[in-house]
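Here is the file coords35.txt (compact mmCIF, C-alpha atoms and all ligand atoms).
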# COMPACT_ATOMS: atom_id res chain seq x y z
CA MET T 1 6.72 -10.55 -50.83
CA ALA T 2 5.60 -10.65 -47.20
CA GLN T 3 5.40 -7.18 -45.78
CA LYS T 4 7.53 -6.57 -42.73
CA LYS T 5 5.30 -5.92 -39.73
CA LYS T 6 6.02 -2.56 -38.12
CA GLN T 7 6.83 -3.15 -34.46
CA LYS T 8 5.23 -0.64 -32.14
CA GLN T 9 7.85 0.79 -29.80
CA LYS T 10 6.93 0.40 -26.14
CA PRO T 11 7.17 3.67 -24.18
CA GLY T 12 10.11 4.05 -21.80
CA PHE T 13 9.67 4.95 -18.11
CA GLU T 14 10.02 8.71 -18.70
CA ASP T 15 7.59 8.74 -21.65
CA TYR T 16 5.07 6.63 -19.77
CA TYR T 17 4.93 8.86 -16.68
CA SER T 18 5.26 12.20 -18.46
CA GLU T 19 2.24 11.18 -20.54
CA ILE T 20 0.28 10.64 -17.30
CA TYR T 21 1.53 13.58 -15.24
CA LYS T 22 2.16 16.00 -18.16
CA GLU T 23 3.84 19.29 -17.13
CA ARG T 24 3.96 18.15 -13.49
CA TRP T 25 6.28 15.23 -14.20
CA ASP T 26 9.61 17.10 -13.83
CA ALA T 27 8.66 18.47 -10.41
CA LEU T 28 7.33 15.08 -9.37
CA LYS T 29 10.55 13.39 -10.45
CA SER T 30 12.64 15.86 -8.42
CA GLY T 31 10.35 15.19 -5.45
CA LEU T 32 10.87 11.43 -5.83
CA LEU T 33 14.63 11.83 -5.95
CA ALA T 34 14.77 14.22 -2.97
CA ASP T 35 15.25 12.85 0.52
CA ALA T 36 12.38 13.82 2.82
CA ASP T 37 13.15 15.01 6.36
CA GLY T 38 13.37 12.07 8.76
CA TYR T 39 10.00 11.30 10.38
CA SER T 40 9.70 8.83 13.19
CA ILE T 41 7.10 7.37 15.50
CA SER T 42 8.11 6.90 19.10
CA ASP T 43 5.07 7.21 21.41
CA GLY T 44 4.53 3.80 23.05
CA LEU T 45 7.59 2.23 21.34
CA LEU T 46 10.79 0.92 22.95
CA LYS T 47 12.76 2.99 20.42
CA PRO T 48 11.86 5.29 17.50
CA TYR T 49 10.99 3.81 14.10
CA TYR T 50 11.66 5.89 10.98
CA LEU T 51 9.09 5.79 8.20
CA ASP T 52 7.53 8.07 5.61
CA MET T 53 4.99 10.47 7.14
CA ALA T 54 2.51 9.60 4.36
CA SER T 55 2.85 5.86 5.14
CA ALA T 56 2.07 6.55 8.78
CA ALA T 57 -1.01 8.52 7.71
CA ALA T 58 -2.26 5.52 5.67
CA ALA T 59 -1.96 3.14 8.65
CA ARG T 60 -3.77 5.65 10.92
CA THR T 61 -6.56 6.08 8.35
CA LEU T 62 -7.59 2.42 8.86
CA ASP T 63 -8.91 3.73 12.19
CA VAL T 64 -8.12 0.74 14.43
CA HIS T 65 -9.67 0.68 17.94
CA PRO T 66 -8.82 -1.40 21.02
CA GLY T 67 -10.54 -4.79 20.81
CA ASP T 68 -10.52 -4.97 16.98
CA ASP T 69 -9.36 -8.06 15.10
CA VAL T 70 -6.95 -6.70 12.49
CA LEU T 71 -5.20 -8.21 9.45
CA ASP T 72 -2.13 -6.57 7.86
CA MET T 73 -1.96 -8.62 4.62
CA CYS T 74 1.46 -7.44 3.35
CA ALA T 75 3.18 -6.30 6.50
CA ALA T 76 6.98 -6.40 6.11
CA PRO T 77 9.17 -4.65 7.07
CA GLY T 78 6.55 -3.48 9.54
CA GLY T 79 6.23 0.29 9.98
CA LYS T 80 2.46 0.24 9.52
CA THR T 81 2.09 -2.90 11.65
CA LEU T 82 3.68 -1.02 14.58
CA LEU T 83 1.03 1.70 14.31
CA LEU T 84 -1.81 -0.84 14.04
CA ALA T 85 -0.49 -2.70 17.11
CA LEU T 86 -0.21 0.54 19.12
CA ALA T 87 -3.79 1.50 18.22
CA LEU T 88 -5.02 -1.80 19.72
CA LYS T 89 -3.57 -0.76 23.12
CA GLY T 90 -3.08 -4.41 24.10
CA SER T 91 -6.63 -5.66 23.41
CA GLY T 92 -7.92 -7.40 20.28
CA SER T 93 -5.59 -9.13 17.79
CA LEU T 94 -3.26 -8.35 14.90
CA ASN T 95 -2.27 -10.84 12.19
CA SER T 96 0.83 -9.44 10.45
CA ASN T 97 1.34 -11.41 7.25
CA ASP T 98 4.01 -11.40 4.54
CA ARG T 99 4.76 -14.10 1.99
CA SER T 100 8.51 -13.41 1.76
CA SER T 101 10.47 -15.34 4.40
CA ASP T 102 13.41 -12.89 4.33
CA ARG T 103 11.11 -9.93 4.81
CA ARG T 104 9.17 -11.81 7.48
CA ARG T 105 12.41 -12.18 9.47
CA ARG T 106 12.82 -8.40 9.30
CA LEU T 107 9.20 -7.95 10.33
CA LYS T 108 9.71 -10.15 13.42
CA ASP T 109 12.84 -8.15 14.38
CA VAL T 110 10.99 -4.85 13.97
CA ILE T 111 8.14 -6.09 16.17
CA GLU T 112 10.49 -7.48 18.83
CA ASN T 113 12.79 -4.47 18.94
CA HIS T 114 10.09 -1.79 19.01
CA LEU T 115 6.99 -3.05 20.80
CA PRO T 116 6.67 -3.63 24.55
CA THR T 117 5.75 -7.23 25.50
CA GLU T 118 2.14 -6.45 26.42
CA VAL T 119 1.52 -5.01 22.91
CA ARG T 120 3.50 -7.76 21.16
CA GLU T 121 1.46 -10.54 22.78
CA ASN T 122 -1.55 -9.83 20.57
CA ILE T 123 0.43 -10.18 17.29
CA ARG T 124 0.66 -13.32 15.14
CA VAL T 125 3.12 -13.32 12.21
CA THR T 126 2.12 -15.50 9.23
CA GLY T 127 3.45 -16.17 5.72
CA HIS T 128 0.40 -16.76 3.50
CA ASP T 129 -0.19 -15.70 -0.10
CA ALA T 130 -2.51 -12.71 0.25
CA THR T 131 -4.17 -13.39 -3.12
CA ARG T 132 -5.59 -16.64 -1.68
CA TRP T 133 -6.62 -15.40 1.76
CA GLY T 134 -10.34 -15.73 1.20
CA LEU T 135 -9.96 -19.51 0.74
CA HIS T 136 -8.99 -19.91 4.40
CA GLU T 137 -10.68 -17.16 6.37
CA LYS T 138 -13.95 -15.41 5.60
CA ASP T 139 -15.72 -12.62 7.53
CA CYS T 140 -13.05 -12.71 10.27
CA TYR T 141 -11.56 -9.23 10.71
CA ASP T 142 -12.87 -5.81 11.79
CA ARG T 143 -10.07 -4.04 9.93
CA VAL T 144 -7.83 -5.11 7.02
CA LEU T 145 -4.81 -3.19 5.75
CA LEU T 146 -3.70 -4.08 2.23
CA ASP T 147 -0.45 -2.21 1.54
CA ALA T 148 0.05 -3.88 -1.81
CA PRO T 149 3.33 -4.66 -3.60
CA CYS T 150 3.52 -2.04 -6.35
CA SER T 151 5.65 -0.38 -9.04
CA SER T 152 7.40 1.77 -6.42
CA GLU T 153 8.57 4.25 -9.06
CA GLU T 154 10.72 6.09 -6.49
CA HIS T 155 12.81 2.93 -6.12
CA VAL T 156 12.91 2.42 -9.92
CA LEU T 157 14.18 5.97 -10.45
CA LYS T 158 16.90 5.54 -7.84
CA SER T 159 18.15 2.20 -9.19
CA PRO T 160 19.65 1.94 -12.70
CA ALA T 161 19.16 -1.87 -12.63
CA HIS T 162 15.42 -1.53 -11.89
CA LEU T 163 15.05 1.28 -14.43
CA ASN T 164 16.61 -1.01 -17.05
CA ARG T 165 14.15 -3.80 -16.31
CA TRP T 166 11.07 -1.51 -16.18
CA SER T 167 8.37 -2.00 -18.80
CA PRO T 168 4.74 -0.83 -19.06
CA SER T 169 3.56 -4.43 -18.67
CA ARG T 170 4.91 -4.51 -15.10
CA THR T 171 2.34 -2.03 -13.76
CA LYS T 172 -0.40 -4.01 -15.51
CA GLN T 173 0.72 -7.27 -13.86
CA LEU T 174 0.98 -5.61 -10.46
CA SER T 175 -2.50 -4.15 -10.81
CA ILE T 176 -3.89 -7.63 -11.56
CA GLN T 177 -2.16 -9.04 -8.46
CA ALA T 178 -3.38 -6.13 -6.31
CA HIS T 179 -6.94 -6.71 -7.50
CA ALA T 180 -6.73 -10.38 -6.47
CA MET T 181 -5.45 -9.34 -3.03
CA LEU T 182 -8.16 -6.73 -2.61
CA ALA T 183 -10.88 -9.23 -3.55
CA ALA T 184 -9.40 -11.57 -0.90
CA ALA T 185 -9.43 -8.70 1.62
CA VAL T 186 -13.16 -8.21 0.92
CA ASP T 187 -13.74 -11.89 1.74
CA ALA T 188 -11.61 -11.72 4.90
CA VAL T 189 -13.24 -8.64 6.46
CA LYS T 190 -16.45 -8.94 8.53
CA PRO T 191 -19.66 -7.33 7.31
CA GLY T 192 -19.52 -3.76 8.67
CA GLY T 193 -15.70 -3.91 8.69
CA THR T 194 -13.21 -1.62 6.90
CA ILE T 195 -10.39 -2.19 4.38
CA LEU T 196 -7.65 0.35 3.74
CA TYR T 197 -5.97 -0.18 0.36
CA SER T 198 -2.65 1.62 -0.10
CA THR T 199 0.31 1.65 -2.47
CA CYS T 200 3.40 3.77 -3.04
CA ALA T 201 2.72 3.69 -6.80
CA LEU T 202 2.36 6.61 -9.17
CA SER T 203 0.66 4.48 -11.80
CA PRO T 204 -3.13 5.09 -11.76
CA LEU T 205 -3.64 1.48 -12.90
CA GLU T 206 -2.41 0.27 -9.48
CA ASN T 207 -4.40 2.90 -7.54
CA ASP T 208 -7.85 4.05 -8.68
CA GLY T 209 -7.68 1.38 -11.43
CA VAL T 210 -7.68 -1.47 -8.86
CA ILE T 211 -10.57 0.08 -6.93
CA ALA T 212 -12.60 0.68 -10.09
CA LYS T 213 -12.21 -2.96 -11.13
CA LEU T 214 -13.20 -4.21 -7.66
CA LEU T 215 -16.29 -2.00 -7.52
CA LYS T 216 -17.33 -3.21 -10.96
CA LYS T 217 -17.31 -6.81 -9.74
CA ARG T 218 -18.16 -6.51 -6.02
CA SER T 219 -20.37 -3.44 -5.63
CA ASP T 220 -22.92 -5.74 -3.95
CA LYS T 221 -20.38 -6.33 -1.15
CA VAL T 222 -18.41 -3.09 -0.64
CA CYS T 223 -18.59 0.66 -1.07
CA ILE T 224 -16.08 3.49 -0.83
CA GLU T 225 -15.80 5.36 2.45
CA THR T 226 -14.63 8.87 1.63
CA ILE T 227 -11.46 10.03 3.38
CA SER T 228 -11.34 13.75 4.05
CA PRO T 229 -7.98 15.30 3.08
CA ASP T 230 -8.47 17.55 6.13
CA SER T 231 -8.76 14.68 8.63
CA GLU T 232 -6.51 14.72 11.67
CA ASN T 233 -4.67 11.60 10.47
CA LEU T 234 -3.43 13.58 7.47
CA SER T 235 -2.37 16.74 9.28
CA GLY T 236 0.82 18.26 7.91
CA LEU T 237 0.23 16.59 4.52
CA ASN T 238 -1.25 17.92 1.32
CA ALA T 239 -3.42 15.03 0.07
CA GLU T 240 -5.06 15.30 -3.36
CA THR T 241 -8.47 13.77 -3.99
CA THR T 242 -8.69 11.11 -6.72
CA ASP T 243 -11.73 9.27 -8.10
CA TYR T 244 -11.85 6.88 -5.11
CA GLY T 245 -9.24 7.97 -2.56
CA LEU T 246 -6.34 10.28 -1.86
CA HIS T 247 -2.87 10.64 -3.32
CA ILE T 248 0.00 12.18 -1.38
CA LEU T 249 2.72 13.13 -3.82
CA PRO T 250 6.27 14.19 -2.94
CA ASP T 251 6.44 17.39 -5.05
CA ARG T 252 3.77 18.96 -2.81
CA ASN T 253 4.75 17.27 0.46
CA SER T 254 8.43 18.11 1.05
CA GLY T 255 9.45 14.72 -0.35
CA TYR T 256 6.92 12.60 1.65
CA GLY T 257 4.98 10.04 -0.37
CA PRO T 258 4.00 8.86 -2.86
CA ILE T 259 1.14 7.13 -1.05
CA PHE T 260 -2.25 6.35 -2.52
CA MET T 261 -5.02 5.28 -0.14
CA ALA T 262 -8.67 4.32 -0.48
CA ARG T 263 -11.01 3.06 2.25
CA LEU T 264 -13.74 0.51 1.64
CA LYS T 265 -16.59 -0.68 3.85
CA LYS T 266 -18.17 -4.14 3.55
CA PHE T 267 -21.96 -4.32 3.75
C1 LIG T 301 4.69 -2.41 0.07
S1 LIG T 301 5.42 -3.73 0.88
C2 LIG T 301 4.67 -3.67 2.47
C3 LIG T 301 5.24 -2.60 3.38
C4 LIG T 301 4.69 -2.70 4.80
N1 LIG T 301 3.25 -2.60 4.84
C5 LIG T 301 5.27 -1.66 5.75
O1 LIG T 301 4.58 -0.70 6.11
O2 LIG T 301 6.41 -1.83 6.16
C6 LIG T 301 4.64 -5.10 0.15
C7 LIG T 301 4.95 -6.44 0.79
O3 LIG T 301 4.12 -7.42 0.16
C8 LIG T 301 4.78 -8.67 0.25
N2 LIG T 301 4.12 -9.58 -0.72
C9 LIG T 301 4.32 -9.67 -2.06
N3 LIG T 301 3.50 -10.58 -2.61
C10 LIG T 301 2.75 -11.08 -1.59
C11 LIG T 301 1.71 -12.06 -1.51
N4 LIG T 301 1.26 -12.68 -2.61
N5 LIG T 301 1.17 -12.33 -0.29
C12 LIG T 301 1.61 -11.70 0.82
N6 LIG T 301 2.60 -10.78 0.81
C13 LIG T 301 3.15 -10.46 -0.38
C14 LIG T 301 6.22 -8.32 -0.06
O4 LIG T 301 7.09 -9.31 0.47
C15 LIG T 301 6.36 -6.95 0.63
O5 LIG T 301 6.96 -7.10 1.89

Write the structure described by the file as structure tokens, please.
Ligand SMILES: C[S@@+](CC[C@H](N)C(=O)[O-])C[C@H]1O[C@@H](n2cnc3c(N)ncnc32)[C@H](O)[C@@H]1O
Amino acid sequence: MAQKKKQKQKPGFEDYYSEIYKERWDALKSGLLADADGYSISDGLLKPYYLDMASAAAARTLDVHPGDDVLDMCAAPGGKTLLLALALKGSGSLNSNDRSSDRRRRLKDVIENHLPTEVRENIRVTGHDATRWGLHEKDCYDRVLLDAPCSSEEHVLKSPAHLNRWSPSRTKQLSIQAHAMLAAAVDAVKPGGTILYSTCALSPLENDGVIAKLLKKRSDKVCIETISPDSENLSGLNAETTDYGLHILPDRNSGYGPIFMARLKKF
């Protein structure tokens, strides 16, 4: 008689993350569910834009200067794009890209409603697939921001429908997609240029895991540029050092985050 195969039970969301974060998980979960104090950027804008303080820190850590050619690969709805555009101070260029047409509409509204004309003039909005960027443009940008689509566990926790659909394979798929985008970012940036990789994921697969895989394959092209947790761009935040970057987690940041960031330099 054929023996019935024992099916291995896949871990649920709670089991998966409590295995990773151990005794910290309960505090982290409360931090994810808490609403952080409103933080907004307003200097140089037509009206304030509300975003997470840790997200703003990631955009600032790309260290954009006037005259740079900048690519924001996954830009909508546009909080980080506003900061990149402001840093250009009207000189250089910014390509704000997002594949989703609905989100691109929001991105265009955010740009139009918040940026003065002279800052807006340098921005081009496009709708390409970031995973295929390197096929079209190589060695073109001084700075590339890749704020990758990710598990966004905060959103999953706050939405019963998303929690229901969650499975451990999702973070694996997202990490594969993020790796393809990051490899494309390496192609798109000029030699000597900088890439800032960020996510709002808790899953290490989508954070250090993506960087580790890239370095394994492309260490002849890029290296990590260490980000100091004490840098001015991170003031007011408690950023924890990881293998390749920094993680800002909401249980130690009054509800701000999660944001992972790592900075890479192309040779
Ligand atoms: C984390 S969000 C970006 C948030 C944005 N950087 C901000 O600060 O407002 C990720 C974005 O990636 C976009 N996206 C997903 N897959 C993509 C792809 N293959 N190419 C380009 N954009 C993509 C999504 O539409 C989404 O808007």

Selection: 8 Å around stretch 70-80 of chain T, all atoms listed in the file, excl. self and same-chain fewer than 5 positions, as a ChimeraX atom specification:
/T:49-51,55-56,59,64,92-99,103-104,106-107,110-111,130,141-149

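For the set T:Leu182, T:Leu174, T:Leu249, T:Leu84, the residue with the smallest atom-to-atom gap to T:Ala36 is T:Leu249, counting all atoms listed in the file.
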
### Message
I'd like the contact shell of T:His179 - 9 Å cut-off, only C-alpha atoms, skipping same-chain residues fewer than 4 positions apart - returned as a list in words.
### Response
Thr131, Leu174, Ser175, Ala183, Ala184, Glu206, Val210, Ile211, Lys213 and Leu214 of chain T

For those residues, write C-alpha atoms to a file as an mmCIF file, keeping the file's coordinate frame.
data_model
loop_
_atom_site.group_PDB
_atom_site.id
_atom_site.type_symbol
_atom_site.label_atom_id
_atom_site.label_comp_id
_atom_site.auth_asym_id
_atom_site.auth_seq_id
_atom_site.Cartn_x
_atom_site.Cartn_y
_atom_site.Cartn_z
ATOM 1 C CA THR T 131 -4.170 -13.390 -3.120
ATOM 2 C CA LEU T 174 0.980 -5.610 -10.460
ATOM 3 C CA SER T 175 -2.500 -4.150 -10.810
ATOM 4 C CA ALA T 183 -10.880 -9.230 -3.550
ATOM 5 C CA ALA T 184 -9.400 -11.570 -0.900
ATOM 6 C CA GLU T 206 -2.410 0.270 -9.480
ATOM 7 C CA VAL T 210 -7.680 -1.470 -8.860
ATOM 8 C CA ILE T 211 -10.570 0.080 -6.930
ATOM 9 C CA LYS T 213 -12.210 -2.960 -11.130
ATOM 10 C CA LEU T 214 -13.200 -4.210 -7.660
#

One residue among T:Asp208, T:Asp68, T:Asp139, T:Asp52 is nearest to T:Pro258 when using all atoms listed in the file, and that residue is T:Asp52

Hey, could you pull the box centre and edge lengths for ligand LIG 301 (chain T), axis-aligned, 6 Å padding per side, all listed atoms, to one decimal in Å, as lines of an AutoDock Vina configuration file?
center_x = 4.1
center_y = -6.7
center_z = 1.8
size_x = 17.9
size_y = 24.0
size_z = 20.8

_So that I can see what lies close to T:Cys140, please list as a list in words the residues with an atom at most 10 Å from it, counting only C-alpha atoms and leaving out residues fewer than 6 positions away in the same chain._
Asp69, Val70, Leu71, Gly134, Asp187, Ala188, Val189, Lys190, Pro191 and Gly193 of chain T

Expressed in Å, the length from atom CA of T:Ala85 to atom CA of T:Leu62 is 12.0 Å

Self-check item: Atomic distance atom CA of T:Cys200 - atom CA of T:Arg120, expressed in Å with one decimal
Solution: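 Taking atom CA of T:Cys200 as the start and atom CA of T:Arg120 as the end point, the length is 26.8 Å.
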
Write out as a list in words which residues come within 8 Å of stretch 151-164 of chain T when counting only C-alpha atoms, dropping same-chain ones fewer than 5 positions away.
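So the residues in contact are Phe13, Leu32, Leu33, Arg170, Thr171, Leu174, Cys200, Ala201, Leu202 and Ser203 of chain T.
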
Margin query: What does the structure give for the distance between atom CA of T:Ile195 and atom CA of T:Leu264, in Å to one decimal?
Written below: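 Rounded to one decimal, the two atoms are 5.1 Å apart.
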
Self-check item: T:Thr117, T:Ser235, T:Thr194, T:Ser228 ranked by distance to T:Lys89, top pick (using only C-alpha atoms)
Solution: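 Between T:Thr117, T:Ser235, T:Thr194, T:Ser228, the residue approaching T:Lys89 most closely is T:Thr117.
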
Practice task
Go through T:Ser169, T:Ile176, T:Leu205, T:Gly67 one by one, measure the shortest atom-to-atom distance of each to T:Ile20 using all atoms listed in the file, and give the residue with the smallest value.
Solution key: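 Going through T:Ser169, T:Ile176, T:Leu205, T:Gly67 one by one, the smallest distance to T:Ile20 is for T:Leu205.
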
Calculated over only C-alpha atoms and all ligand atoms, which of the candidates T:Thr241, T:Thr126, T:Ser231, T:Ser219 has the smallest distance to ligand LIG 301 (chain T)?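 Nearest to ligand LIG 301 (chain T): T:Thr126.
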
Mind checking which residues fall within 6 Å of T:Gly245, counting all atoms listed in the file, ignoring those fewer than 3 positions away in the same chain, and posting them as a PDB file with C-alpha atoms, keeping the file's coordinate frame?
ATOM      1  CA  THR T 242      -8.690  11.110  -6.720  1.00  0.00           C
ATOM      2  CA  MET T 261      -5.020   5.280  -0.140  1.00  0.00           C
ATOM      3  CA  ALA T 262      -8.670   4.320  -0.480  1.00  0.00           C
TER       4      ALA T 262
END

Between T:Asp102, T:Asp230, T:Asp220, T:Asp251, smallest distance to ligand LIG 301 (chain T) by only C-alpha atoms and all ligand atoms belongs to T:Asp102
